[in-house]
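**Student:** Input structure: upload01.cif, which contains mmCIF, C-alpha atoms.
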data_my_file
loop_
_atom_site.label_atom_id
_atom_site.label_comp_id
_atom_site.auth_asym_id
_atom_site.auth_seq_id
_atom_site.Cartn_x
_atom_site.Cartn_y
_atom_site.Cartn_z
CA GLU A 1 -84.49 50.75 21.99
CA ASP A 2 -85.57 47.19 22.80
CA GLY A 3 -89.28 47.99 23.13
CA ASN A 4 -91.99 49.19 20.77
CA LEU A 5 -91.90 52.85 21.73
CA LEU A 6 -91.53 55.27 18.84
CA VAL A 7 -88.92 58.02 19.02
CA SER A 8 -90.50 61.45 18.64
CA GLY A 9 -89.33 65.00 18.21
CA SER A 10 -85.88 65.95 16.96
CA LYS A 11 -84.48 62.45 17.48
CA ALA A 12 -87.04 60.94 15.11
CA ARG A 13 -86.32 63.65 12.54
CA ASP A 14 -82.56 63.04 12.73
CA LYS A 15 -83.15 59.31 12.41
CA ARG A 16 -85.23 59.77 9.25
CA LEU A 17 -82.61 62.07 7.74
CA ARG A 18 -79.84 59.56 8.46
CA GLU A 19 -81.88 56.80 6.82
CA ARG A 20 -82.34 58.94 3.72
CA ARG A 21 -78.61 59.71 3.68
CA GLU A 22 -77.86 55.97 3.81
CA LYS A 23 -79.97 55.59 0.67
CA LEU A 24 -77.93 58.35 -0.94
CA LEU A 25 -74.74 56.46 -0.08
CA THR A 26 -76.12 53.34 -1.76
CA ASN A 27 -77.29 55.16 -4.88
CA ALA A 28 -74.18 57.31 -5.24
CA SER A 29 -71.88 54.29 -5.17
CA THR A 30 -73.35 52.99 -8.45
CA ALA A 31 -74.86 56.13 -10.02
CA LYS A 32 -71.95 56.75 -12.40
CA ARG A 33 -71.81 53.12 -13.54
CA ILE A 34 -75.47 52.66 -14.43
CA ARG A 35 -76.99 53.24 -17.85
CA ARG A 36 -80.43 54.76 -17.24
CA GLY A 37 -83.52 55.04 -19.39
CA MET A 38 -83.98 58.80 -19.65
CA ILE A 39 -87.05 58.72 -21.93
CA ARG A 40 -89.74 56.67 -20.21
CA PHE A 41 -93.27 55.77 -21.26
CA VAL A 42 -95.15 54.71 -18.14
CA GLN A 43 -98.66 53.28 -17.91
CA VAL A 44 -100.14 53.50 -14.38
CA VAL A 45 -102.94 50.97 -13.75
CA ILE A 46 -105.28 51.75 -10.85
CA ASP A 47 -107.48 49.09 -9.28
CA LEU A 48 -111.04 50.44 -8.97
CA SER A 49 -112.64 47.20 -7.83
CA ARG A 50 -114.73 46.73 -4.68
CA ALA A 51 -111.54 46.14 -2.66
CA SER A 52 -110.58 49.81 -3.09
CA LEU A 53 -113.38 50.83 -0.71
CA ILE A 54 -111.92 48.91 2.24
CA SER A 55 -111.11 51.30 5.08
CA ASP A 56 -108.00 49.67 6.56
CA MET A 57 -106.29 52.88 5.39
CA ARG A 58 -108.09 56.05 6.40
CA PRO A 59 -110.44 57.18 5.03
CA SER A 60 -110.21 54.42 2.37
CA ARG A 61 -107.65 52.72 0.18
CA LEU A 62 -108.86 54.63 -2.87
CA LYS A 63 -108.50 58.02 -1.18
CA VAL A 64 -104.95 57.20 -0.09
CA ILE A 65 -104.03 55.97 -3.58
CA SER A 66 -105.49 59.11 -5.17
CA GLU A 67 -103.55 61.47 -2.90
CA GLU A 68 -100.26 59.58 -3.17
CA LEU A 69 -100.53 59.28 -6.95
CA GLN A 70 -101.06 63.03 -7.29
CA ARG A 71 -97.83 63.60 -5.38
CA PHE A 72 -96.10 60.86 -7.40
CA VAL A 73 -97.07 62.45 -10.74
CA ARG A 74 -95.41 65.72 -9.73
CA THR A 75 -92.29 63.92 -8.51
CA PHE A 76 -92.18 61.77 -11.65
CA PHE A 77 -92.13 64.69 -14.06
CA ASP A 78 -89.60 66.56 -11.93
CA SER A 79 -87.25 63.58 -12.22
CA ASN A 80 -88.18 62.66 -15.81
CA PRO A 81 -88.88 65.84 -17.80
CA LEU A 82 -88.56 64.03 -21.14
CA SER A 83 -90.91 61.17 -20.24
CA GLN A 84 -94.63 60.63 -20.72
CA LEU A 85 -97.23 59.03 -18.47
CA SER A 86 -100.69 57.55 -18.94
CA LEU A 87 -103.44 56.49 -16.52
CA SER A 88 -105.78 53.52 -16.82
CA CYS A 89 -108.07 51.62 -14.46
CA THR A 90 -109.70 48.22 -14.07
CA ARG A 91 -113.26 47.68 -12.80
CA ASN A 92 -116.09 45.22 -13.53
CA GLY A 93 -113.55 42.85 -15.07
CA LEU A 94 -112.62 45.39 -17.76
CA ALA A 95 -109.77 47.84 -18.39
CA LYS A 96 -110.25 51.46 -19.39
CA VAL A 97 -107.94 54.33 -20.39
CA ILE A 98 -108.30 57.43 -18.19
CA THR A 99 -105.66 59.66 -19.80
CA GLU A 100 -103.51 59.16 -22.89
CA LEU A 101 -99.72 59.35 -22.87
CA SER A 102 -98.84 62.95 -22.09
CA GLY A 103 -96.13 65.07 -20.52
CA SER A 104 -98.60 67.36 -18.71
CA PRO A 105 -98.77 66.58 -14.97
CA GLN A 106 -101.81 68.79 -14.37
CA LYS A 107 -103.90 66.80 -16.83
CA HIS A 108 -103.27 63.57 -14.91
CA ILE A 109 -103.79 65.21 -11.51
CA ASP A 110 -107.19 66.58 -12.55
CA HIS A 111 -108.35 63.08 -13.48
CA LEU A 112 -106.91 61.53 -10.31
CA LYS A 113 -109.11 63.85 -8.27
CA LEU A 114 -112.17 62.24 -9.92
CA LEU A 115 -111.35 58.70 -8.77
CA GLY A 116 -114.28 57.12 -6.94
CA THR A 117 -116.88 59.44 -8.50
CA GLN A 118 -119.51 58.84 -11.17
CA LYS A 119 -117.78 61.28 -13.52
CA LEU A 120 -116.12 59.51 -16.44
CA GLY A 121 -117.23 56.19 -14.92
CA LEU A 122 -114.49 56.06 -12.27
CA ASP A 123 -116.53 54.68 -9.35
CA CYS A 124 -115.41 51.50 -7.58
CA THR A 125 -117.35 48.38 -8.48
CA GLY A 126 -116.86 44.79 -9.61
CA ASP A 127 -113.62 42.84 -9.85
CA ALA A 128 -110.18 43.60 -11.24
CA SER A 129 -108.72 42.01 -14.37
CA VAL A 130 -104.95 41.76 -14.73
CA GLN A 131 -105.09 40.23 -18.21
CA ASN A 132 -107.27 43.00 -19.66
CA CYS A 133 -104.92 45.58 -18.13
CA LEU A 134 -101.91 43.92 -19.76
CA ASP A 135 -103.65 43.78 -23.15
CA LEU A 136 -104.59 47.45 -22.85
CA SER A 137 -101.04 48.40 -21.87
CA LEU A 138 -99.67 46.52 -24.88
CA LYS A 139 -101.91 48.58 -27.17
CA GLN A 140 -100.91 51.83 -25.45
CA LEU A 141 -97.16 51.16 -25.53
CA ARG A 142 -96.95 49.31 -28.85
CA ASP A 143 -95.94 52.37 -30.86
CA VAL A 144 -93.30 53.58 -28.41
CA PRO A 145 -90.00 54.26 -30.26
CA PRO A 146 -87.16 51.78 -29.67
CA TYR A 147 -85.17 54.23 -27.53
CA GLY A 148 -88.12 54.56 -25.10
CA HIS A 149 -88.32 52.62 -21.85
CA ARG A 150 -91.69 50.80 -21.58
CA GLU A 151 -93.04 50.48 -18.04
CA VAL A 152 -96.33 49.51 -16.40
CA LEU A 153 -97.04 50.26 -12.73
CA PHE A 154 -99.95 48.40 -11.12
CA LEU A 155 -101.58 49.67 -7.93
CA MET A 156 -103.69 46.72 -6.84
CA THR A 157 -106.05 46.46 -3.90
CA SER A 158 -107.83 43.23 -4.88
CA LEU A 159 -106.57 39.75 -4.04
CA THR A 160 -108.34 38.20 -7.04
CA THR A 161 -108.41 38.73 -10.79
CA CYS A 162 -111.25 38.00 -13.22
CA ASP A 163 -109.66 37.23 -16.60
CA PRO A 164 -111.26 36.13 -19.88
CA GLY A 165 -108.33 33.86 -20.84
CA ASP A 166 -104.86 32.73 -19.85
CA VAL A 167 -103.24 35.56 -17.91
CA PHE A 168 -99.82 33.89 -18.05
CA ALA A 169 -99.90 34.04 -21.87
CA SER A 170 -100.42 37.80 -21.59
CA ILE A 171 -97.48 37.98 -19.18
CA ASP A 172 -95.26 36.20 -21.70
CA GLN A 173 -96.43 38.58 -24.41
CA ALA A 174 -95.58 41.58 -22.22
CA ARG A 175 -92.10 40.19 -21.62
CA ALA A 176 -91.63 39.61 -25.37
CA ASN A 177 -92.48 43.28 -25.97
CA LYS A 178 -89.84 44.41 -23.42
CA MET A 179 -92.36 45.81 -20.95
CA HIS A 180 -91.27 46.10 -17.33
CA CYS A 181 -94.27 45.58 -15.05
CA SER A 182 -94.05 46.54 -11.38
CA VAL A 183 -96.79 45.97 -8.82
CA ILE A 184 -97.67 47.71 -5.55
CA GLY A 185 -100.27 45.81 -3.56
CA LEU A 186 -102.31 47.09 -0.65
CA GLY A 187 -103.64 43.79 0.64
CA ALA A 188 -101.37 40.75 0.61
CA GLU A 189 -98.93 39.06 -1.73
CA VAL A 190 -100.63 37.49 -4.77
CA PHE A 191 -98.90 34.77 -6.79
CA VAL A 192 -100.07 36.03 -10.20
CA LEU A 193 -98.86 39.57 -9.51
CA LYS A 194 -95.55 38.33 -8.15
CA SER A 195 -95.02 36.20 -11.25
CA LEU A 196 -95.84 39.21 -13.44
CA ALA A 197 -93.16 41.32 -11.75
CA GLU A 198 -90.52 38.58 -11.78
CA LYS A 199 -90.98 37.54 -15.41
CA THR A 200 -91.00 41.08 -16.80
CA GLY A 201 -88.07 42.38 -14.73
CA GLY A 202 -90.15 44.61 -12.45
CA LYS A 203 -90.54 44.91 -8.69
CA TYR A 204 -93.27 43.78 -6.33
CA HIS A 205 -94.09 45.49 -3.04
CA VAL A 206 -96.91 45.21 -0.54
CA ALA A 207 -97.55 48.55 1.15
CA THR A 208 -98.53 48.21 4.80
CA SER A 209 -99.28 51.87 5.55
CA GLU A 210 -99.65 55.25 3.91
CA ALA A 211 -96.06 56.19 4.71
CA HIS A 212 -94.82 52.89 3.29
CA LEU A 213 -96.82 53.47 0.09
CA GLN A 214 -95.24 56.92 -0.27
CA ASN A 215 -91.73 55.51 0.14
CA VAL A 216 -92.37 52.74 -2.39
CA LEU A 217 -93.74 55.18 -4.98
CA ASP A 218 -90.68 57.40 -4.50
CA GLN A 219 -88.50 54.49 -5.64
CA TYR A 220 -90.19 54.50 -9.06
CA ALA A 221 -89.65 58.21 -9.73
CA PRO A 222 -85.93 58.17 -10.71
CA PRO A 223 -85.02 56.72 -14.14
CA PRO A 224 -84.44 52.97 -13.85
CA PRO A 225 -81.39 51.10 -15.17
CA ALA A 226 -81.69 50.24 -18.87
CA LEU A 227 -80.12 47.28 -20.67
CA GLU A 228 -78.36 48.06 -23.93
CA LYS A 229 -80.07 45.17 -25.74
CA GLU A 230 -83.51 46.54 -24.79
CA THR A 231 -82.91 50.23 -25.48
CA PRO A 232 -79.97 50.53 -27.88
CA SER A 233 -78.05 53.78 -28.06
CA SER A 234 -79.21 55.96 -30.93
CA LEU A 235 -79.47 59.59 -31.92
CA VAL A 236 -82.94 60.98 -31.25
CA GLN A 237 -84.25 63.75 -33.44
CA MET A 238 -85.91 66.47 -31.39
CA GLY A 239 -87.54 69.73 -32.32
CA PHE A 240 -87.89 72.95 -30.35
CA PRO A 241 -91.39 74.26 -31.12
CA ASN A 242 -92.41 77.88 -31.15
CA PHE A 243 -94.82 79.13 -28.51
CA VAL A 244 -98.11 80.56 -29.79
CA GLY A 245 -100.19 82.64 -27.38
CA ASP A 246 -103.55 84.27 -28.05
CA HIS A 247 -104.65 84.01 -31.63
CA GLY A 248 -106.20 87.46 -31.70
CA THR A 249 -108.70 88.05 -34.48
CA ARG A 250 -107.80 84.91 -36.38
CA GLY A 251 -109.95 82.77 -34.11
CA ASP A 252 -109.08 79.43 -32.60
CA ALA A 253 -106.48 77.18 -34.19
CA LEU A 254 -106.65 73.42 -34.57
CA CYS A 255 -104.51 71.59 -32.00
CA PHE A 256 -103.90 67.86 -31.92
CA VAL A 257 -104.56 66.17 -28.58
CA GLY A 258 -103.89 62.43 -28.60
CA PRO A 259 -105.54 60.60 -31.50
CA GLU A 260 -108.21 63.30 -31.72
CA SER A 261 -108.14 67.05 -32.27
CA ASP A 262 -109.97 69.99 -30.75
CA LEU A 263 -110.01 73.77 -30.97
CA SER A 264 -107.31 75.39 -28.89
CA LYS A 265 -108.46 78.39 -26.86
CA GLY A 266 -105.16 79.20 -25.17
CA LYS A 267 -101.49 78.51 -25.54
CA SER A 268 -100.12 76.04 -28.08
CA PHE A 269 -96.81 75.03 -29.63
CA THR A 270 -95.98 74.84 -33.33
CA CYS A 271 -93.92 71.96 -34.72
CA PRO A 272 -90.83 73.37 -36.51
CA ARG A 273 -91.04 70.70 -39.22
CA CYS A 274 -94.71 70.48 -40.27
CA LYS A 275 -96.20 73.52 -38.44
CA ALA A 276 -98.82 71.36 -36.69
CA ARG A 277 -99.84 72.52 -33.23
CA VAL A 278 -99.82 70.68 -29.92
CA LYS A 279 -100.91 71.78 -26.46
CA ASP A 280 -98.32 70.32 -24.12
CA LEU A 281 -94.62 69.51 -24.07
CA PRO A 282 -92.89 67.10 -24.28
CA GLN A 283 -94.93 65.34 -26.93
CA ALA A 284 -94.50 63.64 -30.29
CA CYS A 285 -95.96 65.51 -33.23
CA HIS A 286 -99.03 63.62 -34.46
CA VAL A 287 -98.33 64.58 -38.07
CA CYS A 288 -94.60 64.01 -38.64
CA GLY A 289 -93.68 62.10 -35.45
CA LEU A 290 -90.95 64.53 -34.37
CA SER A 291 -90.26 64.60 -30.61
CA LEU A 292 -91.09 68.10 -29.38
CA VAL A 293 -89.30 69.34 -26.26
CA SER A 294 -88.10 72.59 -24.74
CA SER A 295 -84.58 73.51 -23.71
CA ALA A 296 -85.68 73.48 -20.06
CA HIS A 297 -86.64 69.79 -20.33
CA LEU A 298 -83.18 68.89 -21.61
CA ALA A 299 -81.44 70.96 -18.93
CA ARG A 300 -83.47 69.36 -16.12
CA SER A 301 -82.58 65.86 -17.30
CA TYR A 302 -78.81 66.44 -17.00
CA HIS A 303 -78.64 65.87 -13.25
CA HIS A 304 -79.05 62.11 -13.82
CA LEU A 305 -76.02 62.14 -16.12
CA PHE A 306 -73.90 64.38 -13.85
CA PRO A 307 -75.00 63.70 -10.26
CA VAL A 308 -73.87 65.89 -7.37
CA PRO A 309 -70.82 64.30 -5.68
CA LEU A 310 -71.49 62.71 -2.33
CA PHE A 311 -70.64 65.01 0.58
CA LEU A 312 -68.06 63.86 3.12
CA GLU A 313 -68.70 63.66 6.85
CA VAL A 314 -66.40 65.87 8.93
CA GLY A 315 -66.09 66.52 12.64
CA PRO A 316 -67.43 69.55 14.52
CA VAL A 317 -66.12 72.76 12.94
CA LYS A 318 -65.84 75.94 15.03
CA GLN A 319 -65.69 79.57 14.06
CA GLU A 320 -62.19 80.87 13.29
CA GLN A 321 -62.95 84.22 14.89
CA GLY A 322 -64.89 85.15 17.98
CA ALA A 323 -65.97 82.66 20.61
CA ALA A 324 -64.19 79.34 20.44
CA ASN A 325 -67.32 77.24 21.19
CA VAL A 326 -69.57 78.80 18.53
CA PRO A 327 -70.08 76.38 15.59
CA LYS A 328 -69.93 77.47 11.98
CA ASP A 329 -73.10 78.08 9.97
CA CYS A 330 -74.45 75.94 7.18
CA SER A 331 -73.56 77.38 3.76
CA ALA A 332 -77.10 76.77 2.49
CA CYS A 333 -79.63 77.51 5.25
CA GLY A 334 -77.37 79.58 7.53
CA LYS A 335 -78.17 77.64 10.70
CA PRO A 336 -75.41 76.59 13.13
CA LEU A 337 -73.82 73.21 12.40
CA GLU A 338 -74.60 71.55 15.72
CA SER A 339 -74.98 67.89 14.72
CA LEU A 340 -73.63 66.04 11.69
CA THR A 341 -71.49 68.25 9.41
CA LEU A 342 -70.91 67.45 5.74
CA GLN A 343 -68.47 68.98 3.27
CA CYS A 344 -68.58 69.18 -0.51
CA PRO A 345 -65.39 67.60 -1.94
CA GLU A 346 -65.26 70.17 -4.76
CA CYS A 347 -65.89 73.60 -3.18
CA LYS A 348 -65.18 72.60 0.47
CA GLU A 349 -68.39 74.29 1.69
CA LEU A 350 -70.04 72.93 4.84
CA TYR A 351 -73.67 71.80 5.02
CA CYS A 352 -76.04 70.33 7.59
CA ILE A 353 -77.64 66.94 7.00
CA THR A 354 -81.01 68.52 6.12
CA CYS A 355 -79.50 70.57 3.30
CA ASP A 356 -77.39 67.59 2.21
CA VAL A 357 -80.50 65.45 1.66
CA PHE A 358 -82.32 68.33 -0.06
CA ILE A 359 -79.41 69.04 -2.42
CA HIS A 360 -79.08 65.42 -3.53
CA GLU A 361 -82.78 64.55 -3.71
CA GLN A 362 -84.39 67.78 -4.94
CA LEU A 363 -81.96 70.51 -5.99
CA HIS A 364 -79.38 68.29 -7.81
CA ASN A 365 -76.88 71.18 -7.71
CA CYS A 366 -74.35 72.24 -5.08
CA PRO A 367 -74.89 75.92 -4.16
CA GLY A 368 -71.18 76.42 -3.53
CA CYS A 369 -70.06 74.88 -6.82
CA GLY A 370 -72.78 76.64 -8.82
#
Give the structure from this file in C-alpha cells form.
**Tutor:**
Amino acid sequence: EDGNLLVSGSKARDKRLRERREKLLTNASTAKRIRRGMIRFVQVVIDLSRASLISDMRPSRLKVISEELQRFVRTFFDSNPLSQLSLSCTRNGLAKVITELSGSPQKHIDHLKLLGTQKLGLDCTGDASVQNCLDLSLKQLRDVPPYGHREVLFLMTSLTTCDPGDVFASIDQARANKMHCSVIGLGAEVFVLKSLAEKTGGKYHVATSEAHLQNVLDQYAPPPPALEKETPSSLVQMGFPNFVGDHGTRGDALCFVGPESDLSKGKSFTCPRCKARVKDLPQACHVCGLSLVSSAHLARSYHHLFPVPLFLEVGPVKQEQGAANVPKDCSACGKPLESLTLQCPECKELYCITCDVFIHEQLHNCPGCG
C-alpha cells in the first residue's frame, strides 16, 4: 500500500467499483435538489493542429481522441435523448464545422472516424485558434431557443493559439451569450484556456492518460446544473412526427438536412404542423421551427427527474433454507452475494456492487421495483 505497485485481479476490480459507488453517493446526495438542463446544444471543438500527432499517447493523441469521442457521443445521447450535438475543428489557424447540430449519433461517429485523413480536409496541420473557434461557436449556437443549454467542449492538444484579434474579447462575448465553455487539455495547463473555462462557468481538466481522458469525458455526459436566470422555466411546444418508410412509386421526397436539403432515399419523419420532412430525431423543423421528438426520447429523459434511490449497504445475508453458510444470490445477475451486499430501500431486493453500479449508471431502473 505504501509503494508504487498496482493492485491487479479481483482486488483492483473491487477497488474500481467502490470508487464508482463513492461517486454515486456524492451525486445522489444532491440529485433531487439540482435543476438540470435537459435540452442541451453542445458544440465539440477538436484540435487538429500539429500537436495532435504527438505520440505520448499510443498510437497518437488524435487516435485516442477519435476513439474516446466516438464512445462519448454514444454515452451523451443515451443520457441526453432530447439534446443535439455538433462537431467542429481548428487547424491552420482557422475553425471549420464538421457536422451541424443533430440528434443522430451515427452521423457524428462516421465523421469522427475520418479525423486525421485527407477526406473533408480533416488532416492535422498548422496551429490552433481559440478565438476563431469561439466565433464559430457563437454563430452555431446563436439561434438556440432560450430554454436550451448552450455548451462548448474544447479538446485541445496544442499549448499555443494563433488568433487574429483579442481572444479575451471573444471570451467576454461568449459569457454575455450564456455559453458554458469547458476545456480538456492533453498537454499542460494553458492560461488562456483556464481563463476561458473560469469566466464562462465551465470546467478545465488536463488528461494525463487515456483512462483519465475517458473518466473526464464521462463527467460531461449527464445534464449539468442549470441556473434559472440563464434557462427560465417555460412550456416547450413539441410535435410527434409520423414515420415515412419507402416512398414506393412516388419517387424520392424532399427532406431538409441542416440549412440545405437533399433527396431522401430511405426513412424520414413528417412534421405534424407543416408536413415538412426531416431525417433524424430529435430535430427542429426547418420550416415552422417546431421541436420534433418521439415518445421514446421523452421516456428516456425521465430518469434524470426521478433517479433510482441509493441502495443501502447491509451485512452478509445467508440463505433461509438449506446450508447455513451459503450466501443469498443477487436479484439481478443471480450470482452469490459474497462481498459487499446492497439493498433497495423500496422493494428490499438484494444486489451485488457490480449490479448496483450498473443500475444507477446505465439502467436507471430498479429491476425489483419495476
**Student:** Applying 12 Å and only C-alpha atoms, which residues near Ala176 (chain A) remain after dropping the ones on its own chain fewer than 2 positions away? List them as a PyMOL selection string.
**Tutor:** chain A and resi 138+142+150+169-174+178-180+199-201+230
**Student:** On this file, the PyMOL selection byres ((chain A and resi 354) around 10) gives some set of residues; write that set as a list in words.
**Tutor:**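 That selection, the PyMOL selection byres ((chain A and resi 354) around 10), comes back as Arg13, Asp14, Leu17, Arg18, Arg20, Arg21, Cys330, Ala332, Cys333, Leu340, Tyr351, Cys352, Ile353, Cys355, Asp356, Val357, Phe358 and Ile359 of chain A.
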**Student:** Applied to this file, what does the PyMOL selection byres ((chain A and resi 189-197) around 12) return in terms of residues, put as an MDAnalysis selection string?
**Tutor:** chainID A and resid 129:131 134 151:163 166:175 179:188 198:208
**Student:** Those selected residues, please, written with C-alpha atoms and delivered as a PDB file, in the coordinates of the input.
**Tutor:**
ATOM      1  CA  SER A 129    -108.720  42.010 -14.370  1.00  0.00           C
ATOM      2  CA  VAL A 130    -104.950  41.760 -14.730  1.00  0.00           C
ATOM      3  CA  GLN A 131    -105.090  40.230 -18.210  1.00  0.00           C
ATOM      4  CA  LEU A 134    -101.910  43.920 -19.760  1.00  0.00           C
ATOM      5  CA  GLU A 151     -93.040  50.480 -18.040  1.00  0.00           C
ATOM      6  CA  VAL A 152     -96.330  49.510 -16.400  1.00  0.00           C
ATOM      7  CA  LEU A 153     -97.040  50.260 -12.730  1.00  0.00           C
ATOM      8  CA  PHE A 154     -99.950  48.400 -11.120  1.00  0.00           C
ATOM      9  CA  LEU A 155    -101.580  49.670  -7.930  1.00  0.00           C
ATOM     10  CA  MET A 156    -103.690  46.720  -6.840  1.00  0.00           C
ATOM     11  CA  THR A 157    -106.050  46.460  -3.900  1.00  0.00           C
ATOM     12  CA  SER A 158    -107.830  43.230  -4.880  1.00  0.00           C
ATOM     13  CA  LEU A 159    -106.570  39.750  -4.040  1.00  0.00           C
ATOM     14  CA  THR A 160    -108.340  38.200  -7.040  1.00  0.00           C
ATOM     15  CA  THR A 161    -108.410  38.730 -10.790  1.00  0.00           C
ATOM     16  CA  CYS A 162    -111.250  38.000 -13.220  1.00  0.00           C
ATOM     17  CA  ASP A 163    -109.660  37.230 -16.600  1.00  0.00           C
ATOM     18  CA  ASP A 166    -104.860  32.730 -19.850  1.00  0.00           C
ATOM     19  CA  VAL A 167    -103.240  35.560 -17.910  1.00  0.00           C
ATOM     20  CA  PHE A 168     -99.820  33.890 -18.050  1.00  0.00           C
ATOM     21  CA  ALA A 169     -99.900  34.040 -21.870  1.00  0.00           C
ATOM     22  CA  SER A 170    -100.420  37.800 -21.590  1.00  0.00           C
ATOM     23  CA  ILE A 171     -97.480  37.980 -19.180  1.00  0.00           C
ATOM     24  CA  ASP A 172     -95.260  36.200 -21.700  1.00  0.00           C
ATOM     25  CA  GLN A 173     -96.430  38.580 -24.410  1.00  0.00           C
ATOM     26  CA  ALA A 174     -95.580  41.580 -22.220  1.00  0.00           C
ATOM     27  CA  ARG A 175     -92.100  40.190 -21.620  1.00  0.00           C
ATOM     28  CA  MET A 179     -92.360  45.810 -20.950  1.00  0.00           C
ATOM     29  CA  HIS A 180     -91.270  46.100 -17.330  1.00  0.00           C
ATOM     30  CA  CYS A 181     -94.270  45.580 -15.050  1.00  0.00           C
ATOM     31  CA  SER A 182     -94.050  46.540 -11.380  1.00  0.00           C
ATOM     32  CA  VAL A 183     -96.790  45.970  -8.820  1.00  0.00           C
ATOM     33  CA  ILE A 184     -97.670  47.710  -5.550  1.00  0.00           C
ATOM     34  CA  GLY A 185    -100.270  45.810  -3.560  1.00  0.00           C
ATOM     35  CA  LEU A 186    -102.310  47.090  -0.650  1.00  0.00           C
ATOM     36  CA  GLY A 187    -103.640  43.790   0.640  1.00  0.00           C
ATOM     37  CA  ALA A 188    -101.370  40.750   0.610  1.00  0.00           C
ATOM     38  CA  GLU A 198     -90.520  38.580 -11.780  1.00  0.00           C
ATOM     39  CA  LYS A 199     -90.980  37.540 -15.410  1.00  0.00           C
ATOM     40  CA  THR A 200     -91.000  41.080 -16.800  1.00  0.00           C
ATOM     41  CA  GLY A 201     -88.070  42.380 -14.730  1.00  0.00           C
ATOM     42  CA  GLY A 202     -90.150  44.610 -12.450  1.00  0.00           C
ATOM     43  CA  LYS A 203     -90.540  44.910  -8.690  1.00  0.00           C
ATOM     44  CA  TYR A 204     -93.270  43.780  -6.330  1.00  0.00           C
ATOM     45  CA  HIS A 205     -94.090  45.490  -3.040  1.00  0.00           C
ATOM     46  CA  VAL A 206     -96.910  45.210  -0.540  1.00  0.00           C
ATOM     47  CA  ALA A 207     -97.550  48.550   1.150  1.00  0.00           C
ATOM     48  CA  THR A 208     -98.530  48.210   4.800  1.00  0.00           C
TER      49      THR A 208
END
**Student:** Rank nothing, just name the residue among A:Gly126, A:Pro145, A:Gly370, A:Pro309 nearest to Cys344 (chain A), using all atoms listed in the file.
**Tutor:**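 For Cys344 (chain A), the nearest of the given residues is A:Pro309.
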**Student:** If you measure from CA of Tyr302 (chain A) to CA of Thr341 (chain A), what distance in Å do you get, rounded to one decimal?
**Tutor:**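 CA of Thr341 (chain A) lies 27.5 Å from CA of Tyr302 (chain A).
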**Student:** Please compute the CA of Asp123 (chain A)-CA of Leu48 (chain A) distance, one decimal, in Å.
**Tutor:**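 Distance between the two atoms: 6.9 Å.
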**Student:** Would you compute the distance between CA of Cys285 (chain A) and CA of Cys271 (chain A)? Give it in Å to one decimal.
**Tutor:** 6.9 Å
**Student:** Could you list, as a PyMOL selection string, every residue matched by the PyMOL selection byres ((chain A and resi 92) around 10) in this structure?
**Tutor:** chain A and resi 48-50+90-91+93-95+124-129+162
**Student:** Which is closer to Leu122 (chain A) than all the others in A:Leu62, A:Ala276, A:Leu69, A:Leu363, using all atoms listed in the file?
**Tutor:**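 Closest to Leu122 (chain A) of all the choices is A:Leu62.
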**Student:** Near Ala299 (chain A), within 12 Å and counting all atoms listed in the file, which residues show up once chain neighbours fewer than 4 positions away are dropped, as a list in words?
**Tutor:** Asp78, Ser79, Asn80, Pro81, Leu82, Val293, Ser294, Ser295, His303, His304, Leu305, Phe306 and His364 of chain A
**Student:** Which residues are close to Phe77 (chain A), i.e. within 12 Å by all atoms listed in the file, leaving aside same-chain residues fewer than 4 positions away? Reply as a ChimeraX atom specification.
**Tutor:** /A:38-42,70-73,81-85,102-106,108-109,220-223,281-282,297,300-301
**Student:** Might you pull out every residue within 6 Å of Val244 (chain A), with all atoms listed in the file counted and same-chain residues fewer than 6 positions away left off, and present them as a PDB file with C-alpha atoms, in the frame of the given file?
**Tutor:**
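What follows is the written file part30.pdb:
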ATOM      1  CA  LYS A 267    -101.490  78.510 -25.540  1.00  0.00           C
ATOM      2  CA  SER A 268    -100.120  76.040 -28.080  1.00  0.00           C
ATOM      3  CA  PHE A 269     -96.810  75.030 -29.630  1.00  0.00           C
TER       4      PHE A 269
END
**Student:** If I put a ball of radius 7 Å at (-103.0, 52.6, -16.5) in the file's coordinates, which residues poke into it when counting all atoms listed in the file, written as a list in words?
**Tutor:**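 In the file's frame, the residues around the point are Gln43, Val44, Val45, Ile46, Ser86, Leu87, Ser88, Cys89 and Val97 of chain A.
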**Student:** Looking at only C-alpha atoms, which of A:Arg16, A:Leu217, A:Ser66, A:Leu136 is the one that sits closest to His111 (chain A)?
**Tutor:** A:Ser66
**Student:** Closest to Lys23 (chain A) among A:Ile54, A:Leu310, A:Leu114, A:Ile98, using only C-alpha atoms?
**Tutor:** A:Leu310
**Student:** Using all atoms listed in the file, can you tell me which of A:Arg61, A:Lys113, A:His360, A:Lys96 comes closest to Lys139 (chain A)?
**Tutor:**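 Closest candidate: A:Lys96.
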**Student:** From the list A:Asp218, A:Glu346, A:Lys328, A:Cys369, which residue is nearest Thr75 (chain A) when using only C-alpha atoms?
**Tutor:**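 Of all the options, A:Asp218 lies closest to Thr75 (chain A).
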**Student:** Assuming the input is short of atoms at region 51-56 of chain A, produce N, CA and C atoms for that part as a PDB file, in the coordinates of the input.
**Tutor:**
ATOM      1  N   ALA A  51    -112.548  46.156  -3.730  1.00  0.00           N
ATOM      2  CA  ALA A  51    -111.540  46.140  -2.660  1.00  0.00           C
ATOM      3  C   ALA A  51    -110.970  47.521  -2.387  1.00  0.00           C
ATOM      4  N   SER A  52    -111.123  48.472  -3.309  1.00  0.00           N
ATOM      5  CA  SER A  52    -110.580  49.810  -3.090  1.00  0.00           C
ATOM      6  C   SER A  52    -111.365  50.593  -2.050  1.00  0.00           C
ATOM      7  N   LEU A  53    -112.550  50.132  -1.696  1.00  0.00           N
ATOM      8  CA  LEU A  53    -113.380  50.830  -0.710  1.00  0.00           C
ATOM      9  C   LEU A  53    -113.113  50.366   0.718  1.00  0.00           C
ATOM     10  N   ILE A  54    -112.239  49.382   0.887  1.00  0.00           N
ATOM     11  CA  ILE A  54    -111.920  48.910   2.240  1.00  0.00           C
ATOM     12  C   ILE A  54    -111.224  50.027   3.011  1.00  0.00           C
ATOM     13  N   SER A  55    -111.585  50.168   4.267  1.00  0.00           N
ATOM     14  CA  SER A  55    -111.110  51.300   5.080  1.00  0.00           C
ATOM     15  C   SER A  55    -110.014  50.914   6.052  1.00  0.00           C
ATOM     16  N   ASP A  56    -109.134  49.958   5.679  1.00  0.00           N
ATOM     17  CA  ASP A  56    -108.000  49.670   6.560  1.00  0.00           C
ATOM     18  C   ASP A  56    -106.986  50.802   6.518  1.00  0.00           C
TER      19      ASP A  56
END
